[in-house]
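Participant: Sharing a structure below in structure tokens format, with a few things to ask.
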Amino acid sequence: MAIRLLREGLALVDPPGGVDERLEVRTRLLNTLAFCLAETGSLEDGLAQMAAARAAPDGISDQALRDELYSLVDGNRGVLLCRVGRIDEGIAQLDADIAFNERRLAEATRAGTTGDPRVIAELLITGLSNRGMAHAYRTDQGPDRAIADLDRAAALAERYGFQIRAAIATHALGNVLQRAGDVPAALRRYSEAQRAFQELEPGLLMRLRIDQAEALISVGLADEAGTLLDDVLPELRRQRIGQDVAEAELLRAAAALLDNDLVLAKRMANAARRKLARRGSPAWAAVASLIALRVDALKALDGPRPSATVVHRALALAAELAELKLYDQAAFAQVLAARLEVRRGNTEHAGRLLRDIPKFRRIAPIDHRMLLRLCRAELALARGNQRVALAQAKAGLDELGRMRDRLGGLDLVSGTALHGRELGELAVRLVLAGGDSPAVARRLFTWLERTKAQLYRYERFESAADPVLAERITEVRQLSRALLRARLDGLPTAKLVSRLAASQRDAMRLGWSASPWGRPRPVATADDILPRLGDRALVTFASSDDEMIAVVLAGGRVRMVRLGAADPITEAARRLHADLNALAPDHQPPPLVEVISASARREAERLDRALLAPLAAMIGDRELVVVPTGALYVVPWGVLPTCVNRPTVVTPSATAWLSSSRSDTEPGSGVLLVRGPGLQAAQGEIDRLAGYHADARLLGVSDAKVVTVLEALDGVALAHVAAHGEHEPENALFSKLELVDGALFAHEVGQMRRPPRRVVLAACELALNRVRPGDEPLGFAGALLAGGTRTVIAASSKVGDEPSAAAMADFHRNLANGASPAVALADAIATDPLRRPFVCLGSG
């Protein structure tokens, strides 16, 4: 549309001859048209039109106006060159434009001189912002020049009242910080820019989404990045914004690659490469080729022996990237070549390739550094040096941990595990290859703790509430409620579903920019855990190369057992979960209940034979602490015959259990009982529970509002919430409890200043988690544990109102009689394990 209007305008000022005013208008039209043609076509189209724009002011008699227009066109040309990766040429053009406007602004601000300082300042701000962004892409220098330009642009924008220009500079500063490796600071800048863009210029949000996606990919949140890009790509394509379309496709390929969707990754990378090549953007096209190469390398590594062709392609691309001054990408391509050569058995050549790689810069992407560590480890292993291989794995995971320590928000901290997955898997395989001795078992336990559920080893920092985030979560709550009403009334819901999803994503994005989540605690060793276990046994499950393994800590000893193929165990866990969900509704026909119960018992017995029967001699009749893996997180352990009436605690890692079991936490005070809406058995349940606790505070349905409940939870010793709950598998932090005025989200309970010491969730499925790589589980109960709650009682499947109420009455009676939560729950669910699928999470 802009191109059509500009051409109509040019028709009105042709022929080109005439007064200064007409020539000025023609120059400005040509200048803007050149940019639009470059965006929707190729760089050459834009530069050809730019040449006409540069010549247009030649006939202007006013020297000052002529120079101003020359500078305007040169600055725009610099932007076009930078957009396609010709950074040095572009910066040279921008230097001249900025120097010209700096002189003009200095002259215009002198007393008695002519010229509008505000008009000149806007041109200078634009130039500084563009040059700052260009410097951010320079790989041969640090971020100082980019930051200096953008800080000055922002200061000028504030001084002269250009709010949108200040927001653009803030956005650009986020890009600089991202490329400098400070992802949390970058995300905070993006959030600031987002708020301004939403108010002042929503059209700029598309580019912001692309840059946010790049930051999320860097910390392993491939699925969230993919969702962001899938949102903006249709509109970018509709508007034919060529460079942004290509960059978004390139990043979509990178997200798909992390998500192991190799077909989508290759398709998107090739589409981006073709567009970028047509646009005259060789640097960006080479980056797209690198992603396509990564796909082919992964496929080759999965085969018996990679072909020499893929190695030659990697080395040729490395040379091309180096020629384009993309040194980090060139090094990455060379590491890929070295890894392929290791797999081909050419270890000498692989070693030479690795020696020739310049040391990665501190700000190199984390996935580049992890691949280098992995390649060095594989080379050492190929040469028979397991010690060096394990040292490389440890150094890589330590490096990843230091990155994680700087991140804020549960999602970001848990997502980073993706980048260390292959290193962790390699280390576990190496240790397992050493046999089944107690010494190997100890080493395996240490490695599992380095790779499992790192989110839960943080002591959370107290942070100030973010009013914007709180406002967005309130909006999510209102939309959730409106959607529920619409469904109950049989009204159309498509628009509400779309608005709710968008609002959830906005809230999540604001959460990503939070300050660091917490202070990291050291990873626990077997020597740390054994004295604290006392008479308990701890069992950590893990899988490697489709083999399920258990490491058992009990009686002062550490032992391991190989349990056989992992797939049948995983399938049995999923079938048991499905059966328990089917069994949950109250008042089902007895024949149906019997059929489902029989199926559930068979799956429970199958799991018991596979997982716990081989450990019987080691665990005896001890209380259990279980660290699950993958699909085992859905298992309600009290259903398994070995665990019936046996106190059993589920924890994300031994380190997390040690942290939640410590005795130096605040004990909390009082008991809170909350009754949510829509539960027929809740009225009598809450009244009955109050009889077990002399200091109980009751919040009935009308009082069970989100703000009231959050305030009451703060610092309480024991909280029991009887309310409908729902686990949100795609967006775990929006798993929820339904209260009278809407949903209470996991996002909110993880942020409490003084988390409740013990929480009972008499609701469906709120022990469920979304399990990311590295066994990083996240859900409603997980958010409570990560926020500092020591013990959570929750259901890992759907549960009927009546069995839930009965189980909770038994649990609280046992608790009031002095039993620990784990003991109290074991007795309460033993009466009817299949209908009472509650688990004790945390310390127990």
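Following the order of the structure tokens, chains are lettered A, B, ..., residues in each are numbered from 1, and ligands are numbered from 1.
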Which residues are near Glu44 in chain A? Cut-off 12 Å, only C-alpha atoms, ignore same chain within fewer than 5 positions. Put them as a PDB file with C-alpha atoms, in the first residue's frame.
Facilitator:
ATOM      1  CA  ALA A  34      13.615   2.834  -1.979  1.00  0.00           C
ATOM      2  CA  PHE A  35      13.245   1.423   1.527  1.00  0.00           C
ATOM      3  CA  LEU A  37      11.204  -1.767  -2.497  1.00  0.00           C
ATOM      4  CA  ALA A  38      14.212  -3.166  -0.641  1.00  0.00           C
ATOM      5  CA  GLU A  39      11.917  -4.640   2.038  1.00  0.00           C
ATOM      6  CA  GLN A  49      15.844   3.552  -6.331  1.00  0.00           C
ATOM      7  CA  MET A  50      18.148   5.034  -3.684  1.00  0.00           C
ATOM      8  CA  ALA A  51      20.525   6.226  -6.426  1.00  0.00           C
ATOM      9  CA  ARG A  77      21.076   3.609   2.508  1.00  0.00           C
ATOM     10  CA  LEU A  80      19.415  -1.010   4.008  1.00  0.00           C
ATOM     11  CA  LEU A  81      23.015  -2.250   3.934  1.00  0.00           C
ATOM     12  CA  VAL A  84      21.170  -7.475   4.794  1.00  0.00           C
ATOM     13  CA  ALA A 277      19.910 -14.904  -1.174  1.00  0.00           C
ATOM     14  CA  ARG A 278      17.357 -13.158  -3.416  1.00  0.00           C
ATOM     15  CA  ARG A 279      17.506 -10.083  -1.209  1.00  0.00           C
ATOM     16  CA  GLY A 280      21.271  -9.839  -1.584  1.00  0.00           C
ATOM     17  CA  SER A 281      21.937 -10.777   2.031  1.00  0.00           C
TER      18      SER A 281
END
Participant: If we count only C-alpha atoms, what is near Pro652 in chain A at a cut-off of 9 Å, once residues fewer than 3 positions away on the same chain are taken out, given as a list of chain:residue names?
Facilitator: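 Once the adjacent positions are removed, what remains is A:Lys452, A:Ala453, A:Gln454, A:Tyr456, A:Val626, A:Val627, A:Pro628, A:Thr629, A:Tyr633, A:Thr655, A:Ala656, A:Trp657, A:Asp775, A:Glu776, A:Pro777, A:Gly782, A:Leu841, A:Gly842.
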Participant: Output as a tab-separated table (two decimals) with C-alpha atoms, in the first residue's frame all residues of range 157-381 of chain A that backbone DSSP marks as alpha helix (DSSP H).
Facilitator:
chain	number	residue	atom	x	y	z
A	157	ALA	CA	14.37	11.04	22.86
A	158	GLU	CA	13.50	11.68	26.51
A	159	ARG	CA	14.80	15.24	26.31
A	160	TYR	CA	12.79	16.15	23.23
A	163	GLN	CA	8.32	8.52	23.35
A	164	ILE	CA	8.24	6.08	20.47
A	165	ARG	CA	11.88	6.81	19.60
A	166	ALA	CA	12.84	6.13	23.21
A	167	ALA	CA	11.00	2.80	23.05
A	168	ILE	CA	12.76	1.88	19.80
A	169	ALA	CA	16.13	2.63	21.41
A	170	THR	CA	15.12	0.50	24.41
A	171	HIS	CA	14.20	-2.36	22.07
A	172	ALA	CA	17.53	-2.01	20.27
A	173	LEU	CA	19.38	-2.01	23.60
A	174	GLY	CA	17.65	-5.32	24.37
A	175	ASN	CA	19.14	-6.72	21.16
A	176	VAL	CA	22.60	-5.53	22.18
A	177	LEU	CA	22.30	-7.10	25.62
A	178	GLN	CA	21.04	-10.35	24.11
A	179	ARG	CA	24.04	-10.60	21.80
A	183	VAL	CA	19.47	-12.57	28.28
A	184	PRO	CA	17.62	-11.52	31.49
A	185	ALA	CA	18.55	-7.86	30.96
A	186	ALA	CA	17.57	-8.15	27.29
A	187	LEU	CA	14.17	-9.56	28.19
A	188	ARG	CA	13.60	-6.74	30.67
A	189	ARG	CA	14.32	-4.17	27.93
A	190	TYR	CA	11.97	-6.00	25.58
A	191	SER	CA	9.21	-5.84	28.19
A	192	GLU	CA	9.70	-2.09	28.58
A	193	ALA	CA	9.58	-1.61	24.81
A	194	GLN	CA	6.55	-3.88	24.53
A	195	ARG	CA	4.52	-1.76	26.92
A	196	ALA	CA	5.37	1.39	24.96
A	197	PHE	CA	4.70	-0.20	21.56
A	198	GLN	CA	1.31	-1.52	22.66
A	199	GLU	CA	0.28	2.00	23.62
A	200	LEU	CA	2.01	4.04	20.90
A	205	LEU	CA	5.44	-5.45	18.12
A	206	MET	CA	6.09	-7.88	15.26
A	207	ARG	CA	9.79	-7.10	15.09
A	208	LEU	CA	9.97	-7.18	18.87
A	209	ARG	CA	8.45	-10.68	18.88
A	210	ILE	CA	11.18	-11.89	16.51
A	211	ASP	CA	13.90	-10.63	18.85
A	212	GLN	CA	12.15	-12.06	21.92
A	213	ALA	CA	12.01	-15.42	20.15
A	214	GLU	CA	15.76	-15.29	19.51
A	215	ALA	CA	16.38	-14.66	23.21
A	216	LEU	CA	14.11	-17.56	24.21
A	217	ILE	CA	15.88	-19.94	21.84
A	218	SER	CA	19.16	-18.99	23.49
A	222	ALA	CA	12.10	-23.62	21.84
A	223	ASP	CA	8.36	-24.24	22.10
A	224	GLU	CA	7.60	-20.74	23.41
A	225	ALA	CA	9.83	-19.21	20.73
A	226	GLY	CA	8.04	-21.26	18.07
A	227	THR	CA	4.67	-20.01	19.29
A	228	LEU	CA	5.85	-16.39	19.13
A	229	LEU	CA	7.10	-16.81	15.59
A	230	ASP	CA	4.02	-18.70	14.43
A	231	ASP	CA	1.98	-15.73	15.68
A	232	VAL	CA	3.85	-13.10	13.65
A	233	LEU	CA	4.81	-14.93	10.46
A	234	PRO	CA	1.37	-14.81	8.77
A	235	GLU	CA	1.15	-11.02	9.22
A	236	LEU	CA	4.76	-10.47	8.13
A	237	ARG	CA	4.07	-12.49	4.98
A	238	ARG	CA	0.86	-10.59	4.34
A	239	GLN	CA	2.75	-7.30	4.55
A	242	GLY	CA	10.95	-9.60	3.24
A	243	GLN	CA	13.86	-9.33	5.66
A	244	ASP	CA	11.72	-9.84	8.74
A	245	VAL	CA	9.93	-12.80	7.14
A	246	ALA	CA	13.27	-14.42	6.33
A	247	GLU	CA	14.70	-13.77	9.81
A	248	ALA	CA	11.55	-15.11	11.47
A	249	GLU	CA	11.71	-18.24	9.30
A	250	LEU	CA	15.38	-18.66	10.16
A	251	LEU	CA	14.62	-18.48	13.88
A	252	ARG	CA	11.62	-20.76	13.45
A	253	ALA	CA	14.03	-23.28	11.96
A	254	ALA	CA	16.35	-22.87	14.97
A	255	ALA	CA	13.43	-23.41	17.39
A	256	ALA	CA	12.29	-26.51	15.48
A	257	LEU	CA	15.85	-27.84	15.56
A	258	LEU	CA	15.97	-27.51	19.36
A	262	LEU	CA	14.06	-31.85	11.81
A	263	VAL	CA	11.58	-31.72	8.91
A	264	LEU	CA	10.24	-28.30	9.90
A	265	ALA	CA	13.76	-27.05	10.72
A	266	LYS	CA	15.07	-27.98	7.27
A	267	ARG	CA	12.04	-26.57	5.44
A	268	MET	CA	12.16	-23.25	7.29
A	269	ALA	CA	15.94	-22.91	6.96
A	270	ASN	CA	15.81	-23.50	3.20
A	271	ALA	CA	12.91	-21.07	2.77
A	272	ALA	CA	14.81	-18.40	4.71
A	273	ARG	CA	18.03	-19.05	2.78
A	274	ARG	CA	16.28	-18.62	-0.59
A	275	LYS	CA	14.66	-15.35	0.45
A	276	LEU	CA	17.89	-13.97	1.89
A	277	ALA	CA	19.91	-14.90	-1.17
A	278	ARG	CA	17.36	-13.16	-3.42
A	282	PRO	CA	24.83	-13.26	1.90
A	283	ALA	CA	25.60	-13.16	5.63
A	284	TRP	CA	22.06	-13.98	6.70
A	285	ALA	CA	21.76	-16.59	3.94
A	286	ALA	CA	24.91	-18.29	5.24
A	287	VAL	CA	23.42	-18.41	8.76
A	288	ALA	CA	20.31	-20.11	7.32
A	289	SER	CA	22.60	-22.59	5.53
A	290	LEU	CA	24.21	-23.36	8.88
A	291	ILE	CA	20.87	-24.41	10.37
A	292	ALA	CA	20.16	-26.62	7.35
A	293	LEU	CA	23.64	-28.13	7.78
A	294	ARG	CA	22.93	-28.82	11.46
A	295	VAL	CA	19.85	-30.82	10.44
A	296	ASP	CA	21.86	-32.86	7.94
A	297	ALA	CA	24.64	-33.37	10.49
A	298	LEU	CA	22.18	-34.72	13.07
A	299	LYS	CA	20.75	-37.14	10.52
A	300	ALA	CA	24.26	-38.23	9.56
A	301	LEU	CA	25.23	-38.76	13.20
A	302	ASP	CA	22.21	-41.03	13.63
A	308	ALA	CA	32.57	-37.30	3.79
A	309	THR	CA	30.21	-35.03	1.80
A	310	VAL	CA	28.63	-33.60	4.97
A	311	VAL	CA	32.09	-32.96	6.44
A	312	HIS	CA	33.19	-31.11	3.29
A	313	ARG	CA	30.00	-29.04	3.32
A	314	ALA	CA	30.60	-28.08	6.95
A	315	LEU	CA	34.19	-26.99	6.27
A	316	ALA	CA	33.21	-25.04	3.15
A	317	LEU	CA	30.46	-23.25	5.08
A	318	ALA	CA	32.89	-22.52	7.94
A	319	ALA	CA	35.22	-20.80	5.44
A	320	GLU	CA	32.32	-18.85	3.94
A	321	LEU	CA	31.13	-17.69	7.36
A	322	ALA	CA	34.64	-16.62	8.36
A	323	GLU	CA	34.94	-14.63	5.12
A	327	TYR	CA	33.36	-15.89	13.44
A	328	ASP	CA	31.16	-17.60	16.06
A	329	GLN	CA	29.08	-19.26	13.35
A	330	ALA	CA	32.23	-20.26	11.45
A	331	ALA	CA	33.62	-21.90	14.58
A	332	PHE	CA	30.32	-23.71	15.11
A	333	ALA	CA	30.40	-25.13	11.56
A	334	GLN	CA	33.97	-26.31	12.12
A	335	VAL	CA	32.97	-28.02	15.39
A	336	LEU	CA	30.20	-29.79	13.46
A	337	ALA	CA	32.81	-30.99	10.96
A	338	ALA	CA	35.03	-32.20	13.80
A	339	ARG	CA	32.16	-34.07	15.45
A	340	LEU	CA	31.33	-35.80	12.18
A	341	GLU	CA	34.98	-36.77	11.77
A	342	VAL	CA	35.04	-38.26	15.27
A	343	ARG	CA	32.07	-40.42	14.33
A	344	ARG	CA	33.79	-41.41	11.08
A	347	THR	CA	40.21	-38.66	15.22
A	348	GLU	CA	43.49	-37.06	14.09
A	349	HIS	CA	41.72	-34.79	11.63
A	350	ALA	CA	39.03	-34.04	14.21
A	351	GLY	CA	41.71	-33.09	16.73
A	352	ARG	CA	43.37	-30.72	14.24
A	353	LEU	CA	40.03	-29.10	13.45
A	354	LEU	CA	39.33	-28.51	17.14
A	355	ARG	CA	42.83	-27.12	17.76
A	356	ASP	CA	42.35	-24.64	14.91
A	366	ILE	CA	25.50	-21.19	24.90
A	367	ASP	CA	24.58	-23.88	22.37
A	368	HIS	CA	27.86	-23.17	20.53
A	369	ARG	CA	29.85	-23.64	23.72
A	370	MET	CA	27.91	-26.81	24.66
A	371	LEU	CA	28.57	-28.36	21.23
A	372	LEU	CA	32.28	-27.66	21.57
A	373	ARG	CA	32.33	-29.36	24.99
A	374	LEU	CA	30.36	-32.30	23.59
A	375	CYS	CA	32.71	-32.68	20.63
A	376	ARG	CA	35.79	-32.58	22.87
A	377	ALA	CA	34.22	-35.18	25.13
A	378	GLU	CA	33.39	-37.46	22.19
A	379	LEU	CA	36.91	-37.08	20.80
A	380	ALA	CA	38.42	-37.96	24.19
A	381	LEU	CA	36.14	-40.96	24.41
Participant: Considering only C-alpha atoms, can you say which of A:Leu43, A:Leu766, A:Ala507, A:Ile120 comes closest to Thr474 in chain A?
Facilitator: A:Ala507
Participant: Considering only C-alpha atoms, return as an mmCIF file with all heavy atoms, in the first residue's frame whatever protein or nucleic-acid residues lie within 10 Å of Arg688 in chain A, sequence-local ones (same chain, fewer than 6 positions apart) excluded.
Facilitator:
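Contents of selection.cif, freshly written:
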data_model
loop_
_atom_site.group_PDB
_atom_site.id
_atom_site.type_symbol
_atom_site.label_atom_id
_atom_site.label_comp_id
_atom_site.auth_asym_id
_atom_site.auth_seq_id
_atom_site.Cartn_x
_atom_site.Cartn_y
_atom_site.Cartn_z
ATOM 1 N N ALA A 682 -17.502 -30.454 49.694
ATOM 2 C CA ALA A 682 -16.555 -29.566 50.369
ATOM 3 C C ALA A 682 -17.116 -28.949 51.639
ATOM 4 O O ALA A 682 -16.381 -28.692 52.586
ATOM 5 C CB ALA A 682 -16.101 -28.463 49.413
ATOM 6 N N ALA A 805 -12.757 -36.062 49.631
ATOM 7 C CA ALA A 805 -13.161 -35.594 50.966
ATOM 8 C C ALA A 805 -12.847 -36.649 52.022
ATOM 9 O O ALA A 805 -12.346 -36.331 53.113
ATOM 10 C CB ALA A 805 -14.645 -35.253 50.972
ATOM 11 N N MET A 808 -9.056 -36.820 52.642
ATOM 12 C CA MET A 808 -8.550 -35.662 53.367
ATOM 13 C C MET A 808 -8.950 -35.696 54.848
ATOM 14 O O MET A 808 -8.188 -35.263 55.719
ATOM 15 C CB MET A 808 -9.048 -34.379 52.708
ATOM 16 C CG MET A 808 -8.433 -34.119 51.338
ATOM 17 S SD MET A 808 -6.609 -33.969 51.386
ATOM 18 C CE MET A 808 -6.078 -35.605 50.870
ATOM 19 N N ALA A 809 -10.137 -36.229 55.127
ATOM 20 C CA ALA A 809 -10.535 -36.358 56.538
ATOM 21 C C ALA A 809 -9.581 -37.310 57.262
ATOM 22 O O ALA A 809 -9.118 -37.026 58.379
ATOM 23 C CB ALA A 809 -11.971 -36.859 56.628
ATOM 24 N N HIS A 812 -6.030 -35.577 57.695
ATOM 25 C CA HIS A 812 -5.941 -34.554 58.748
ATOM 26 C C HIS A 812 -6.087 -35.166 60.133
ATOM 27 O O HIS A 812 -5.462 -34.685 61.090
ATOM 28 C CB HIS A 812 -6.992 -33.468 58.510
ATOM 29 C CG HIS A 812 -6.577 -32.459 57.480
ATOM 30 N ND1 HIS A 812 -5.858 -31.333 57.792
ATOM 31 C CD2 HIS A 812 -6.769 -32.426 56.139
ATOM 32 C CE1 HIS A 812 -5.627 -30.635 56.684
ATOM 33 N NE2 HIS A 812 -6.176 -31.276 55.662
ATOM 34 N N ARG A 813 -6.892 -36.201 60.258
ATOM 35 C CA ARG A 813 -6.986 -36.865 61.564
ATOM 36 C C ARG A 813 -5.624 -37.437 61.953
ATOM 37 O O ARG A 813 -5.167 -37.278 63.096
ATOM 38 C CB ARG A 813 -8.034 -37.978 61.506
ATOM 39 C CG ARG A 813 -8.227 -38.674 62.863
ATOM 40 C CD ARG A 813 -9.237 -39.817 62.814
ATOM 41 N NE ARG A 813 -8.808 -40.879 61.901
ATOM 42 C CZ ARG A 813 -9.377 -41.132 60.729
ATOM 43 N NH1 ARG A 813 -10.401 -40.401 60.320
ATOM 44 N NH2 ARG A 813 -8.915 -42.113 59.975
#
Participant: Which neighbours of range 713-724 of chain A fall inside 9 Å, counting only C-alpha atoms, when residues of the same chain fewer than 4 positions from it are skipped, and could you give them as a PyMOL selection string?
Facilitator: chain A and resi 666-679+682+685-686+708-709+736-739+749+752-764+804-805
Participant: Next, the residues of the selection above should be written as a short mmCIF file (atom, residue, chain, number, x, y, z; two decimals), in the first residue's frame with C-alpha atoms.
Facilitator:
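Just written: out_37.cif:
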data_model
loop_
_atom_site.label_atom_id
_atom_site.label_comp_id
_atom_site.auth_asym_id
_atom_site.auth_seq_id
_atom_site.Cartn_x
_atom_site.Cartn_y
_atom_site.Cartn_z
CA GLU A 666 10.63 -20.56 59.22
CA PRO A 667 8.01 -22.89 60.77
CA GLY A 668 5.03 -20.70 59.88
CA SER A 669 1.97 -20.43 62.08
CA GLY A 670 -1.70 -21.32 61.97
CA VAL A 671 -3.91 -23.48 59.79
CA LEU A 672 -5.87 -22.23 56.78
CA LEU A 673 -8.86 -24.13 55.38
CA VAL A 674 -10.30 -22.92 52.06
CA ARG A 675 -13.51 -24.11 50.41
CA GLY A 676 -13.81 -23.36 46.70
CA PRO A 677 -17.02 -23.27 44.65
CA GLY A 678 -18.75 -26.18 42.96
CA LEU A 679 -17.68 -29.03 45.27
CA ALA A 682 -16.55 -29.57 50.37
CA GLU A 685 -15.29 -31.68 54.44
CA ILE A 686 -13.98 -28.29 55.58
CA THR A 708 -7.80 -13.09 50.06
CA VAL A 709 -6.46 -16.62 49.66
CA LYS A 736 -4.98 -23.40 38.41
CA LEU A 737 -7.31 -23.71 41.36
CA GLU A 738 -10.84 -22.39 40.78
CA LEU A 739 -11.92 -19.87 43.45
CA VAL A 749 1.67 -19.15 44.24
CA MET A 752 4.61 -15.49 47.66
CA ARG A 753 6.87 -13.58 50.04
CA ARG A 754 6.61 -16.20 52.83
CA PRO A 755 5.46 -19.45 51.24
CA PRO A 756 3.22 -21.72 53.33
CA ARG A 757 5.16 -24.52 54.99
CA ARG A 758 2.74 -27.32 54.03
CA VAL A 759 -0.02 -27.21 51.43
CA VAL A 760 -2.78 -29.72 50.76
CA LEU A 761 -4.48 -29.44 47.37
CA ALA A 762 -7.68 -31.47 47.48
CA ALA A 763 -8.10 -31.05 43.73
CA CYS A 764 -7.60 -33.00 40.53
CA SER A 804 -11.16 -36.78 47.95
CA ALA A 805 -13.16 -35.59 50.97
#
Participant: Taking 6 positions as the minimum chain separation for residues in the same chain, which residues sit within 12 Å of His747 in chain A when counting only C-alpha atoms? Answer as number ranges by chain.
Facilitator: A: 409-411, 469-470, 472-474, 476-477, 504, 507-508, 510-512, 710, 728, 731-737, 778-784, 786-787
Participant: Do a neighbour search on range 822-824 of chain A at 12 Å with only C-alpha atoms, toss out local chain neighbours closer than 3 positions, and write the hits as a PyMOL selection string.
Facilitator: chain A and resi 536+622-625+637-638+643-650+758+760+791-794+807-819+827-830+838-844
Participant: For the selection just defined, write its residues with C-alpha atoms to a file, as a PDB file, in the first residue's frame.
Facilitator:
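In the end it all went to part-v7.pdb:
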ATOM      1  CA  ARG A 536      14.436 -44.004  54.904  1.00  0.00           C
ATOM      2  CA  ARG A 622      11.683 -48.397  54.904  1.00  0.00           C
ATOM      3  CA  GLU A 623       9.875 -45.159  54.121  1.00  0.00           C
ATOM      4  CA  LEU A 624      10.675 -44.124  50.546  1.00  0.00           C
ATOM      5  CA  VAL A 625      11.884 -40.954  48.886  1.00  0.00           C
ATOM      6  CA  TRP A 637       3.100 -44.371  44.183  1.00  0.00           C
ATOM      7  CA  GLY A 638       0.633 -45.399  46.882  1.00  0.00           C
ATOM      8  CA  CYS A 643       4.010 -48.756  48.537  1.00  0.00           C
ATOM      9  CA  VAL A 644       0.558 -49.485  49.950  1.00  0.00           C
ATOM     10  CA  ASN A 645       0.556 -48.021  53.479  1.00  0.00           C
ATOM     11  CA  ARG A 646       4.251 -47.204  53.094  1.00  0.00           C
ATOM     12  CA  PRO A 647       5.134 -43.496  53.612  1.00  0.00           C
ATOM     13  CA  THR A 648       6.421 -42.372  50.221  1.00  0.00           C
ATOM     14  CA  VAL A 649       7.634 -38.927  49.204  1.00  0.00           C
ATOM     15  CA  VAL A 650       8.143 -37.759  45.615  1.00  0.00           C
ATOM     16  CA  ARG A 758       2.744 -27.319  54.033  1.00  0.00           C
ATOM     17  CA  VAL A 760      -2.784 -29.722  50.761  1.00  0.00           C
ATOM     18  CA  THR A 791       5.609 -30.283  51.494  1.00  0.00           C
ATOM     19  CA  VAL A 792       2.683 -30.430  49.065  1.00  0.00           C
ATOM     20  CA  ILE A 793      -0.067 -33.050  49.099  1.00  0.00           C
ATOM     21  CA  ALA A 794      -1.789 -33.239  45.716  1.00  0.00           C
ATOM     22  CA  ALA A 807      -9.099 -39.177  52.042  1.00  0.00           C
ATOM     23  CA  MET A 808      -8.550 -35.662  53.367  1.00  0.00           C
ATOM     24  CA  ALA A 809     -10.535 -36.358  56.538  1.00  0.00           C
ATOM     25  CA  ASP A 810      -8.352 -39.401  57.239  1.00  0.00           C
ATOM     26  CA  PHE A 811      -5.183 -37.463  56.402  1.00  0.00           C
ATOM     27  CA  HIS A 812      -5.941 -34.554  58.748  1.00  0.00           C
ATOM     28  CA  ARG A 813      -6.986 -36.865  61.564  1.00  0.00           C
ATOM     29  CA  ASN A 814      -3.627 -38.631  61.271  1.00  0.00           C
ATOM     30  CA  LEU A 815      -1.805 -35.310  61.077  1.00  0.00           C
ATOM     31  CA  ALA A 816      -3.581 -34.014  64.188  1.00  0.00           C
ATOM     32  CA  ASN A 817      -2.510 -37.176  66.003  1.00  0.00           C
ATOM     33  CA  GLY A 818       1.129 -36.295  65.379  1.00  0.00           C
ATOM     34  CA  ALA A 819       1.957 -38.180  62.178  1.00  0.00           C
ATOM     35  CA  ASP A 827      -2.513 -44.402  55.897  1.00  0.00           C
ATOM     36  CA  ALA A 828      -5.221 -42.207  54.337  1.00  0.00           C
ATOM     37  CA  ILE A 829      -4.863 -43.542  50.803  1.00  0.00           C
ATOM     38  CA  ALA A 830      -4.342 -47.202  51.760  1.00  0.00           C
ATOM     39  CA  PHE A 838      -2.697 -38.422  46.133  1.00  0.00           C
ATOM     40  CA  VAL A 839       1.068 -38.074  46.443  1.00  0.00           C
ATOM     41  CA  CYS A 840       3.288 -36.403  49.000  1.00  0.00           C
ATOM     42  CA  LEU A 841       5.726 -34.029  47.305  1.00  0.00           C
ATOM     43  CA  GLY A 842       8.765 -32.277  48.748  1.00  0.00           C
ATOM     44  CA  SER A 843      10.131 -33.323  52.123  1.00  0.00           C
ATOM     45  CA  GLY A 844       7.248 -35.289  53.622  1.00  0.00           C
TER      46      GLY A 844
END
Participant: Got a sec to tell me which of range 417-662 of chain A DSSP assigns to strand (DSSP E), as number ranges by chain?
Facilitator: A: 458-460, 518-520, 537-544, 547-554, 557-565, 624-627, 648-650
